[in-house]
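Asker: Hey, dropping data-v3.pdb in here, PDB, C-alpha atoms:
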ATOM      1  CA  MET A  21       1.746   6.377 -19.702
ATOM      2  CA  GLY A  22      -0.607   8.251 -17.362
ATOM      3  CA  MET A  23      -3.314  10.685 -18.434
ATOM      4  CA  ARG A  24      -5.052  13.445 -16.527
ATOM      5  CA  VAL A  25      -8.567  13.206 -17.856
ATOM      6  CA  TRP A  26     -11.573  15.228 -16.718
ATOM      7  CA  GLY A  27     -14.702  15.160 -18.889
ATOM      8  CA  GLY A  28     -13.305  12.195 -20.812
ATOM      9  CA  VAL A  29     -13.237  10.141 -17.663
ATOM     10  CA  VAL A  30     -16.867  10.939 -16.935
ATOM     11  CA  ALA A  31     -17.749   9.797 -20.432
ATOM     12  CA  ILE A  32     -15.927   6.515 -19.904
ATOM     13  CA  ALA A  33     -17.761   5.909 -16.643
ATOM     14  CA  CYS A  34     -21.130   6.588 -18.243
ATOM     15  CA  LEU A  35     -20.628   4.536 -21.393
ATOM     16  CA  ALA A  36     -18.799   1.514 -20.022
ATOM     17  CA  VAL A  37     -20.725  -1.763 -19.950
ATOM     18  CA  PRO A  38     -19.773  -5.118 -18.401
ATOM     19  CA  ALA A  39     -17.636  -7.311 -20.633
ATOM     20  CA  VAL A  40     -17.334 -11.094 -20.798
ATOM     21  CA  ALA A  41     -16.032 -12.584 -17.550
ATOM     22  CA  ALA A  42     -12.289 -13.091 -17.286
ATOM     23  CA  ASP A  43     -10.864 -16.592 -17.633
ATOM     24  CA  VAL A  44     -10.006 -18.642 -14.548
ATOM     25  CA  GLY A  45      -6.338 -17.612 -14.423
ATOM     26  CA  LYS A  46      -7.131 -13.944 -14.743
ATOM     27  CA  GLN A  47      -9.906 -14.204 -12.177
ATOM     28  CA  ALA A  48      -7.496 -15.686  -9.630
ATOM     29  CA  ALA A  49      -5.069 -12.828 -10.286
ATOM     30  CA  ILE A  50      -7.899 -10.318  -9.878
ATOM     31  CA  GLU A  51      -8.987 -11.795  -6.548
ATOM     32  CA  ARG A  52      -5.390 -11.789  -5.307
ATOM     33  CA  ALA A  53      -4.929  -8.169  -6.418
ATOM     34  CA  LEU A  54      -8.088  -7.112  -4.593
ATOM     35  CA  ALA A  55      -7.125  -8.853  -1.360
ATOM     36  CA  ARG A  56      -3.577  -7.536  -1.391
ATOM     37  CA  GLY A  57      -4.586  -4.022  -2.424
ATOM     38  CA  LYS A  58      -7.082  -3.743   0.413
ATOM     39  CA  SER A  59      -4.472  -4.999   2.882
ATOM     40  CA  ILE A  60      -1.795  -2.604   1.621
ATOM     41  CA  TYR A  61      -4.164   0.307   2.104
ATOM     42  CA  ALA A  62      -5.286  -0.858   5.551
ATOM     43  CA  TYR A  63      -1.715  -1.410   6.780
ATOM     44  CA  ASP A  64      -0.539   1.903   5.319
ATOM     45  CA  GLN A  65      -3.460   3.751   6.915
ATOM     46  CA  ALA A  66      -2.802   2.070  10.258
ATOM     47  CA  ALA A  67       0.729   3.454  10.328
ATOM     48  CA  TRP A  68      -0.478   6.840   9.098
ATOM     49  CA  VAL A  69      -3.209   7.395  11.697
ATOM     50  CA  THR A  70      -1.171   6.105  14.654
ATOM     51  CA  THR A  71       1.844   8.306  13.911
ATOM     52  CA  ASP A  72       0.233  11.431  15.377
ATOM     53  CA  ALA A  73      -0.788   9.494  18.480
ATOM     54  CA  MET A  74       2.754   8.192  18.873
ATOM     55  CA  ILE A  75       4.289  11.670  18.498
ATOM     56  CA  ALA A  76       1.857  13.118  21.038
ATOM     57  CA  ALA A  77       2.409  10.346  23.580
ATOM     58  CA  ILE A  78       6.180   9.903  23.589
ATOM     59  CA  PRO A  79       8.306  12.383  25.562
ATOM     60  CA  GLU A  80      10.515  14.557  23.363
ATOM     61  CA  ALA A  81      13.671  12.987  24.779
ATOM     62  CA  ARG A  82      12.550   9.529  23.618
ATOM     63  CA  LYS A  83      11.426  10.343  20.076
ATOM     64  CA  SER A  84      14.878   9.548  18.685
ATOM     65  CA  GLU A  85      14.498   5.977  19.960
ATOM     66  CA  VAL A  86      11.902   5.146  17.313
ATOM     67  CA  ARG A  87      13.531   3.310  14.412
ATOM     68  CA  GLY A  88      10.447   2.098  12.571
ATOM     69  CA  TRP A  89       7.114   0.354  12.929
ATOM     70  CA  VAL A  90       5.435  -2.943  12.180
ATOM     71  CA  VAL A  91       1.753  -3.752  11.772
ATOM     72  CA  ALA A  92      -0.090  -6.953  12.675
ATOM     73  CA  PRO A  93      -3.721  -8.107  12.852
ATOM     74  CA  ALA A  94      -5.514  -7.439  16.143
ATOM     75  CA  ALA A  95      -8.918  -8.332  17.585
ATOM     76  CA  LYS A  96     -12.202  -7.369  15.897
ATOM     77  CA  GLY A  97     -10.621  -6.682  12.530
ATOM     78  CA  ARG A  98      -8.346  -3.952  13.847
ATOM     79  CA  LEU A  99      -4.617  -3.591  13.237
ATOM     80  CA  ALA A 100      -1.982  -3.247  15.955
ATOM     81  CA  VAL A 101       0.963  -0.953  15.259
ATOM     82  CA  THR A 102       4.234  -1.270  17.174
ATOM     83  CA  TYR A 103       6.806   1.512  17.005
ATOM     84  CA  TYR A 104      10.123   0.051  18.016
ATOM     85  CA  GLY A 105      13.627   0.938  19.050
ATOM     86  CA  LEU A 106      16.802  -1.135  18.871
ATOM     87  CA  THR A 107      19.310  -2.237  21.470
ATOM     88  CA  GLY A 108      22.081  -3.329  19.155
ATOM     89  CA  SER A 109      20.092  -5.417  16.693
ATOM     90  CA  LYS A 110      17.405  -6.429  19.199
ATOM     91  CA  PRO A 111      14.068  -4.599  18.804
ATOM     92  CA  TYR A 112      11.931  -3.444  21.705
ATOM     93  CA  ALA A 113       8.542  -1.731  21.901
ATOM     94  CA  VAL A 114       8.483   2.048  22.374
ATOM     95  CA  PHE A 115       4.816   2.730  21.612
ATOM     96  CA  THR A 116       1.887   0.513  20.669
ATOM     97  CA  ALA A 117      -1.697   1.200  19.638
ATOM     98  CA  ASP A 118      -4.433  -0.364  17.570
ATOM     99  CA  THR A 119      -6.707   1.175  14.968
ATOM    100  CA  ASN A 120      -9.519   0.520  12.536
ATOM    101  CA  GLY A 121      -8.008   3.076  10.160
ATOM    102  CA  ARG A 122      -9.807   5.966  11.854
ATOM    103  CA  SER A 123      -9.859   5.773  15.656
ATOM    104  CA  VAL A 124      -6.720   4.964  17.652
ATOM    105  CA  ASP A 125      -7.116   3.010  20.891
ATOM    106  CA  ASN A 126      -5.118   1.059  23.482
ATOM    107  CA  LYS A 127      -2.248   3.554  23.278
ATOM    108  CA  ARG A 128       0.724   2.639  25.424
ATOM    109  CA  VAL A 129       4.217   4.046  25.931
ATOM    110  CA  TRP A 130       6.628   1.332  27.033
ATOM    111  CA  THR A 131       9.386   2.019  29.563
ATOM    112  CA  ALA A 132      12.705   0.337  30.241
ATOM    113  CA  GLY A 133      11.420  -1.446  33.341
ATOM    114  CA  GLU A 134       8.746  -3.350  31.438
ATOM    115  CA  ALA A 135       8.890  -6.598  29.479
ATOM    116  CA  ARG A 136       8.848  -4.929  26.076
ATOM    117  CA  ASP A 137      10.486  -7.524  23.843
ATOM    118  CA  LEU A 138       8.685  -8.008  20.549
ATOM    119  CA  THR A 139       7.014 -11.275  19.601
ATOM    120  CA  PRO A 140       8.944 -13.544  17.203
ATOM    121  CA  GLU A 141       6.465 -12.620  14.453
ATOM    122  CA  LEU A 142       7.040  -8.880  14.861
ATOM    123  CA  ALA A 143      10.798  -9.379  15.086
ATOM    124  CA  ALA A 144      10.643 -11.364  11.833
ATOM    125  CA  GLN A 145       8.780  -8.493  10.178
ATOM    126  CA  ILE A 146      11.524  -6.090  11.211
ATOM    127  CA  ARG A 147      14.142  -8.337   9.593
ATOM    128  CA  VAL A 148      12.027  -8.381   6.437
ATOM    129  CA  ARG A 149      11.796  -4.590   6.491
ATOM    130  CA  GLU A 150      15.570  -4.317   6.887
ATOM    131  CA  GLN A 151      16.123  -6.589   3.890
ATOM    132  CA  MET A 152      13.690  -4.574   1.783
ATOM    133  CA  THR A 153      15.192  -1.205   2.623
ATOM    134  CA  ARG A 154      18.673  -2.393   1.651
ATOM    135  CA  LEU A 155      17.515  -2.544  -1.962
ATOM    136  CA  THR A 156      18.300   0.415  -4.200
ATOM    137  CA  LEU A 157      14.935   1.356  -5.655
ATOM    138  CA  ARG A 158      13.761   4.646  -7.116
ATOM    139  CA  SER A 159      11.120   6.731  -5.384
ATOM    140  CA  CYS A 160       8.885   8.865  -7.590
ATOM    141  CA  THR A 161       8.320  11.466  -4.877
ATOM    142  CA  PRO A 162      10.619  13.265  -2.424
ATOM    143  CA  GLY A 163      11.489  11.375   0.712
ATOM    144  CA  PRO A 164      12.089   7.691   1.441
ATOM    145  CA  LEU A 165       9.868   4.876   0.237
ATOM    146  CA  ASN A 166       7.185   3.796   2.691
ATOM    147  CA  SER A 167       7.085   0.136   3.670
ATOM    148  CA  VAL A 168       4.181  -2.267   4.089
ATOM    149  CA  ILE A 169       4.714  -5.903   5.052
ATOM    150  CA  LEU A 170       1.909  -8.421   4.682
ATOM    151  CA  PRO A 171       2.083 -11.825   6.395
ATOM    152  CA  PRO A 172       2.787 -15.001   4.412
ATOM    153  CA  GLU A 173      -0.196 -16.166   2.391
ATOM    154  CA  THR A 174       0.688 -19.840   2.807
ATOM    155  CA  SER A 175       2.328 -21.873   5.547
ATOM    156  CA  GLY A 176       6.068 -21.442   5.154
ATOM    157  CA  GLY A 177       5.580 -18.954   2.326
ATOM    158  CA  PRO A 178       7.372 -15.630   1.951
ATOM    159  CA  TYR A 179       6.390 -12.330   3.473
ATOM    160  CA  ILE A 180       4.836 -10.042   0.857
ATOM    161  CA  GLY A 181       6.442  -6.633   1.239
ATOM    162  CA  TYR A 182       5.915  -3.367  -0.584
ATOM    163  CA  LEU A 183       7.955  -0.202  -0.908
ATOM    164  CA  LEU A 184       5.715   2.686  -1.915
ATOM    165  CA  SER A 185       6.341   6.224  -3.119
ATOM    166  CA  GLY A 186       4.529   8.537  -0.738
ATOM    167  CA  ALA A 187       1.892  11.057  -1.786
ATOM    168  CA  THR A 188       3.613  14.415  -1.244
ATOM    169  CA  ASP A 189       2.382  16.514  -4.189
ATOM    170  CA  PRO A 190      -1.183  17.884  -4.183
ATOM    171  CA  ALA A 191      -0.931  18.121  -7.991
ATOM    172  CA  GLY A 192      -1.044  14.357  -8.399
ATOM    173  CA  TYR A 193      -0.974  10.933  -6.743
ATOM    174  CA  PRO A 194       1.966   8.631  -7.574
ATOM    175  CA  ALA A 195       0.973   5.538  -9.535
ATOM    176  CA  GLY A 196       4.641   4.757 -10.205
ATOM    177  CA  GLY A 197       7.553   4.115  -7.874
ATOM    178  CA  HIS A 198       5.884   1.183  -6.106
ATOM    179  CA  TYR A 199       7.551  -2.230  -5.688
ATOM    180  CA  ARG A 200       6.723  -5.707  -4.392
ATOM    181  CA  ILE A 201       9.462  -7.622  -2.594
ATOM    182  CA  GLU A 202       8.974 -11.173  -1.365
ATOM    183  CA  VAL A 203      11.218 -12.216   1.518
ATOM    184  CA  SER A 204      11.521 -15.813   2.682
ATOM    185  CA  GLN A 205      11.139 -16.757   6.322
ATOM    186  CA  ALA A 206      14.894 -17.313   6.294
ATOM    187  CA  GLY A 207      15.287 -13.609   5.510
ATOM    188  CA  GLU A 208      16.275 -13.805   1.838
ATOM    189  CA  VAL A 209      14.767 -11.741  -0.978
ATOM    190  CA  VAL A 210      13.278 -14.379  -3.284
ATOM    191  CA  ALA A 211      11.375 -12.154  -5.735
ATOM    192  CA  GLN A 212      10.912  -8.495  -6.517
ATOM    193  CA  ARG A 213       9.206  -6.405  -9.175
ATOM    194  CA  PRO A 214       8.261  -2.833 -10.065
ATOM    195  CA  PHE A 215       4.676  -2.069 -11.081
ATOM    196  CA  THR A 216       5.600   0.544 -13.690
ATOM    197  CA  LYS A 217       8.614   1.368 -15.837
ATOM    198  CA  SER A 218       8.463   5.085 -15.086
ATOM    199  CA  CYS A 219       7.020   7.635 -12.686
ATOM    200  CA  ILE A 220       3.332   8.409 -13.208
ATOM    201  CA  ALA A 221       1.258  11.093 -11.485
ATOM    202  CA  LEU A 222      -2.509  10.734 -11.536
ATOM    203  CA  GLY A 223      -5.258  13.149 -10.635
ATOM    204  CA  GLY A 224      -4.528  16.607  -9.344
ATOM    205  CA  ARG A 225      -6.942  19.454  -9.927
ATOM    206  CA  GLY A 226      -8.579  20.855 -13.037
ATOM    207  CA  PRO A 227      -8.315  24.478 -14.195
ATOM    208  CA  ASP A 228     -11.246  25.397 -11.962
ATOM    209  CA  GLY A 229      -9.827  23.525  -8.974
ATOM    210  CA  ALA A 230     -12.213  20.587  -9.324
ATOM    211  CA  ARG A 231     -11.157  16.994  -8.704
ATOM    212  CA  PRO A 232     -11.553  14.447 -11.508
ATOM    213  CA  ALA A 233     -14.496  12.058 -11.422
ATOM    214  CA  ALA A 234     -12.149   9.120 -12.048
ATOM    215  CA  LEU A 235      -8.576   8.346 -13.094
ATOM    216  CA  VAL A 236      -7.123   6.577 -16.145
ATOM    217  CA  VAL A 237      -3.774   4.826 -16.550
ATOM    218  CA  SER A 238      -2.218   2.526 -19.150
ATOM    219  CA  HIS A 239      -0.541  -0.626 -17.828
ATOM    220  CA  ILE A 240       1.534  -2.963 -19.989
ATOM    221  CA  LEU A 241       3.260  -5.182 -17.422
ATOM    222  CA  ASP A 242       0.271  -7.391 -16.538
ATOM    223  CA  PRO A 243      -2.845  -8.640 -18.355
ATOM    224  CA  VAL A 244      -5.070  -7.501 -15.473
ATOM    225  CA  PRO A 245      -4.869  -4.710 -12.874
ATOM    226  CA  THR A 246      -2.648  -5.270  -9.850
ATOM    227  CA  GLU A 247      -2.863  -4.670  -6.127
ATOM    228  CA  ILE A 248      -1.241  -1.275  -6.640
ATOM    229  CA  HIS A 249      -4.163  -0.158  -8.791
ATOM    230  CA  VAL A 250      -6.538  -1.174  -5.994
ATOM    231  CA  PHE A 251      -4.373   0.665  -3.465
ATOM    232  CA  VAL A 252      -4.294   3.835  -5.592
ATOM    233  CA  SER A 253      -8.079   3.753  -6.021
ATOM    234  CA  LEU A 254      -8.555   3.437  -2.267
ATOM    235  CA  ALA A 255      -5.975   6.117  -1.479
ATOM    236  CA  THR A 256      -7.477   8.624  -3.915
ATOM    237  CA  LYS A 257     -11.085   7.589  -3.216
ATOM    238  CA  LEU A 258     -11.679   7.529  -6.975
ATOM    239  CA  PRO A 259     -12.410   4.822  -9.556
ATOM    240  CA  LEU A 260      -9.321   3.970 -11.599
ATOM    241  CA  TYR A 261      -9.683   2.834 -15.213
ATOM    242  CA  VAL A 262      -6.739   0.619 -16.202
ATOM    243  CA  VAL A 263      -6.042   0.003 -19.893
ATOM    244  CA  THR A 264      -4.054  -3.228 -20.312
ATOM    245  CA  GLY A 265      -4.473  -3.625 -24.089
ATOM    246  CA  PRO A 266      -6.274  -2.351 -27.200
ATOM    247  CA  ASP A 267      -9.487  -4.123 -26.181
ATOM    248  CA  ALA A 268      -8.908  -4.476 -22.447
ATOM    249  CA  THR A 269     -10.106  -1.763 -20.078
ATOM    250  CA  TRP A 270     -10.854  -2.382 -16.420
ATOM    251  CA  LYS A 271     -12.637  -0.373 -13.749
ATOM    252  CA  VAL A 272     -10.848  -0.670 -10.403
ATOM    253  CA  THR A 273     -12.302   0.355  -7.054
ATOM    254  CA  GLY A 274     -11.611  -0.702  -3.509
ATOM    255  CA  THR A 275     -14.191  -3.466  -3.768
ATOM    256  CA  ALA A 276     -14.082  -4.725  -7.360
ATOM    257  CA  ILE A 277     -12.055  -5.080 -10.555
ATOM    258  CA  GLU A 278     -14.414  -5.263 -13.530
ATOM    259  CA  ARG A 279     -13.690  -5.638 -17.222
ATOM    260  CA  VAL A 280     -15.540  -2.947 -19.164
ATOM    261  CA  LYS A 281     -16.243  -2.789 -22.861
ATOM    262  CA  MET A 282     -16.016   0.457 -24.749
ATOM    263  CA  PRO A 283     -18.769   1.099 -27.320
ATOM    264  CA  GLY A 284     -17.927   1.735 -30.941
TER     265      GLY A 284
END
Please rewrite the model in this file as structure tokens.

Answerer:
Amino acid sequence: MGMRVWGGVVAIACLAVPAVAADVGKQAAIERALARGKSIYAYDQAAWVTTDAMIAAIPEARKSEVRGWVVAPAAKGRLAVTYYGLTGSKPYAVFTADTNGRSVDNKRVWTAGEARDLTPELAAQIRVREQMTRLTLRSCTPGPLNSVILPPETSGGPYIGYLLSGATDPAGYPAGGHYRIEVSQAGEVVAQRPFTKSCIALGGRGPDGARPAALVVSHILDPVPTEIHVFVSLATKLPLYVVTGPDATWKVTGTAIERVKMPG
């Protein structure tokens, strides 16, 4: 269940105090959630900020060629985004650029006379994306689910993919309608999960038009906050308080997940 809280959230932020450190298992889950959440946000932002550059650069007659995009690490901590087309089932580059989440550089429109085949790694990501989008999963906002694909975390391990409900309503940010799908390097879905059992909208504006100081959500599917909570905090630029049990409240930001203890 989600709650739109205004003054109550400020009170929580002021009164919360650090609790006893989480046990080893929970701490590992917290560190994984932080790393994945930051990556989800970075990859999602990379696609977001390069889209305008792609639309501006590609001639109108070629815009229909673009079938999707993939993101990969680039030099100096940047991310490279490749917008691709398909010849049959074979992908080719239409537009590429790299970004730090704000500036967009090294923009290039690829033409038919160039060697524009994708690397095996990018082609593998496209196959992962195709497997993910074949799944019938509910979006909590209008429009298709957005995709983010993170590279395998271990040698030979699966790709970690996400399908995310997009933020389309200024009255609230979706905390529901997000899914993790793990796809093996052979192209098979080996695990999938939702992060909520229903659609949840967080935030919005108060009666006077003000933004909340923080957000609050209940979460019963995990003992600690997940990567989606980190992603939502980064996307909204607000602290997110996650209640996982009667005596378990966590403060989630883009840099930390901290157990907090409520007085009284």

Asker: Could you tell me, as a list in words, exactly which residues end up selected when the PyMOL selection byres ((chain A and resi 84-93) around 7) is applied to this structure?

Answerer: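 Given this file, the PyMOL selection byres ((chain A and resi 84-93) around 7) evaluates to Tyr63, Arg82, Lys83, Ala94, Arg98, Leu99, Ala100, Val101, Thr102, Tyr103, Tyr104, Gly105, Val114, Leu142, Gln145 and Ile146 of chain A.
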
Asker: Include C-alpha atoms and write out the residues we just selected as a compact mmCIF listing (two decimals), in the coordinates of the input.

Answerer:
# COMPACT_ATOMS: atom_id res chain seq x y z
CA TYR A 63 -1.72 -1.41 6.78
CA ARG A 82 12.55 9.53 23.62
CA LYS A 83 11.43 10.34 20.08
CA ALA A 94 -5.51 -7.44 16.14
CA ARG A 98 -8.35 -3.95 13.85
CA LEU A 99 -4.62 -3.59 13.24
CA ALA A 100 -1.98 -3.25 15.96
CA VAL A 101 0.96 -0.95 15.26
CA THR A 102 4.23 -1.27 17.17
CA TYR A 103 6.81 1.51 17.00
CA TYR A 104 10.12 0.05 18.02
CA GLY A 105 13.63 0.94 19.05
CA VAL A 114 8.48 2.05 22.37
CA LEU A 142 7.04 -8.88 14.86
CA GLN A 145 8.78 -8.49 10.18
CA ILE A 146 11.52 -6.09 11.21

Asker: Go through segment 109-178 of chain A residue by residue and, counting all atoms listed in the file, keep those with an atom at most 6 Å from segment 182-205 of chain A; for each kept residue give the shortest atom pair and its distance in Å to one decimal, ordered by chain and increasing number, as JSON lines.

Answerer:
{"residue": "A:Ser159", "atom": "CA", "partner": "A:Gly197", "partner_atom": "CA", "distance": 5.1}
{"residue": "A:Cys160", "atom": "CA", "partner": "A:Gly197", "partner_atom": "CA", "distance": 4.9}
{"residue": "A:Thr161", "atom": "CA", "partner": "A:Ser185", "partner_atom": "CA", "distance": 5.9}
{"residue": "A:Leu165", "atom": "CA", "partner": "A:Ser185", "partner_atom": "CA", "distance": 5.1}
{"residue": "A:Asn166", "atom": "CA", "partner": "A:Leu184", "partner_atom": "CA", "distance": 5.0}
{"residue": "A:Ser167", "atom": "CA", "partner": "A:Leu183", "partner_atom": "CA", "distance": 4.7}
{"residue": "A:Val168", "atom": "CA", "partner": "A:Tyr182", "partner_atom": "CA", "distance": 5.1}
{"residue": "A:Pro178", "atom": "CA", "partner": "A:Ser204", "partner_atom": "CA", "distance": 4.2}

Asker: Can those selected residues be exported to a file as a PDB file, keeping the file's coordinate frame so that it contains C-alpha atoms?

Answerer:
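The file below, part.pdb, is the result:
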ATOM      1  CA  SER A 159      11.120   6.731  -5.384  1.00  0.00           C
ATOM      2  CA  CYS A 160       8.885   8.865  -7.590  1.00  0.00           C
ATOM      3  CA  THR A 161       8.320  11.466  -4.877  1.00  0.00           C
ATOM      4  CA  LEU A 165       9.868   4.876   0.237  1.00  0.00           C
ATOM      5  CA  ASN A 166       7.185   3.796   2.691  1.00  0.00           C
ATOM      6  CA  SER A 167       7.085   0.136   3.670  1.00  0.00           C
ATOM      7  CA  VAL A 168       4.181  -2.267   4.089  1.00  0.00           C
ATOM      8  CA  PRO A 178       7.372 -15.630   1.951  1.00  0.00           C
TER       9      PRO A 178
END

Asker: Using the file's own x, y and z axes, so that the box edges lie along x, y and z, what centre and edge lengths in Å (one decimal) does a box around every listed atom of segment 223-242 of chain A get when 6 Å is added on each side? Give it as JSON.

Answerer:
{"center_x": -5.6, "center_y": 9.0, "center_z": -14.3, "size_x": 29.8, "size_y": 44.8, "size_z": 23.3}

Asker: From the set A:Leu241, A:Leu222, A:Ala144, A:Leu235, which residue has the shortest atom-to-atom contact distance to Pro171 of chain A, counting all atoms listed in the file?

Answerer: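 Selected residue with least distance to Pro171 of chain A: A:Ala144.
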
Asker: For Leu54 of chain A, which of A:His249, A:Lys257, A:Lys110, A:Arg279 is the closest residue, counting all atoms listed in the file?

Answerer: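 Counting all atoms listed in the file, the residue closest to Leu54 of chain A is A:His249.
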
Asker: Go through A:Tyr61, A:Trp130, A:Phe215, A:Tyr112 and flag the residue nearest Leu254 of chain A, using only C-alpha atoms for the distances.

Answerer: A:Tyr61

Asker: If I take atom CA of Ala143 of chain A and atom CA of Val250 of chain A, how far is one from the other in Å, to one decimal?

Answerer: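 Between these atoms lies a distance of 28.5 Å.
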
Asker: Would you translate the PyMOL selection byres ((chain A and resi 131) around 10) into the concrete set of residues it matches in this file, as a PyMOL selection string?

Answerer: chain A and resi 112-115+128-130+132-136

Asker: Restricted to C-alpha atoms, what would the selected residues look like written as a compact mmCIF listing (two decimals), in the frame of the given file?

Answerer:
# COMPACT_ATOMS: atom_id res chain seq x y z
CA TYR A 112 11.93 -3.44 21.70
CA ALA A 113 8.54 -1.73 21.90
CA VAL A 114 8.48 2.05 22.37
CA PHE A 115 4.82 2.73 21.61
CA ARG A 128 0.72 2.64 25.42
CA VAL A 129 4.22 4.05 25.93
CA TRP A 130 6.63 1.33 27.03
CA ALA A 132 12.70 0.34 30.24
CA GLY A 133 11.42 -1.45 33.34
CA GLU A 134 8.75 -3.35 31.44
CA ALA A 135 8.89 -6.60 29.48
CA ARG A 136 8.85 -4.93 26.08

Asker: Determine the residue set returned by the PyMOL selection byres ((chain A and resi 50) around 8) for the present structure, and present it as number ranges by chain.

Answerer: A: 46-49, 51-54, 244-246, 277

Asker: Rounded to one decimal place, report the atom CA of Ala233 of chain A-atom CA of Ile220 of chain A distance in Å.

Answerer: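 According to the coordinates, atom CA of Ala233 of chain A and atom CA of Ile220 of chain A are separated by 18.3 Å.
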
Asker: Counting all atoms listed in the file, figure out which residue out of A:Pro243, A:Gly121, A:Pro140, A:Pro172 gets nearest to Asp267 of chain A.

Answerer: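 Going through A:Pro243, A:Gly121, A:Pro140, A:Pro172 one by one, the smallest distance to Asp267 of chain A is for A:Pro243.
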
Asker: Measuring between all atoms listed in the file, which one of A:Ile240, A:Ile248, A:Ala73, A:Ala81 shows the shortest distance to Lys58 of chain A?

Answerer: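 Looking only at the distances to Lys58 of chain A, the closest residue turns out to be A:Ile248.
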
Asker: Would you work out the distance separating atom CA of Glu80 of chain A from atom CA of Asp118 of chain A, expressed in Å to one decimal?

Answerer: 21.9 Å
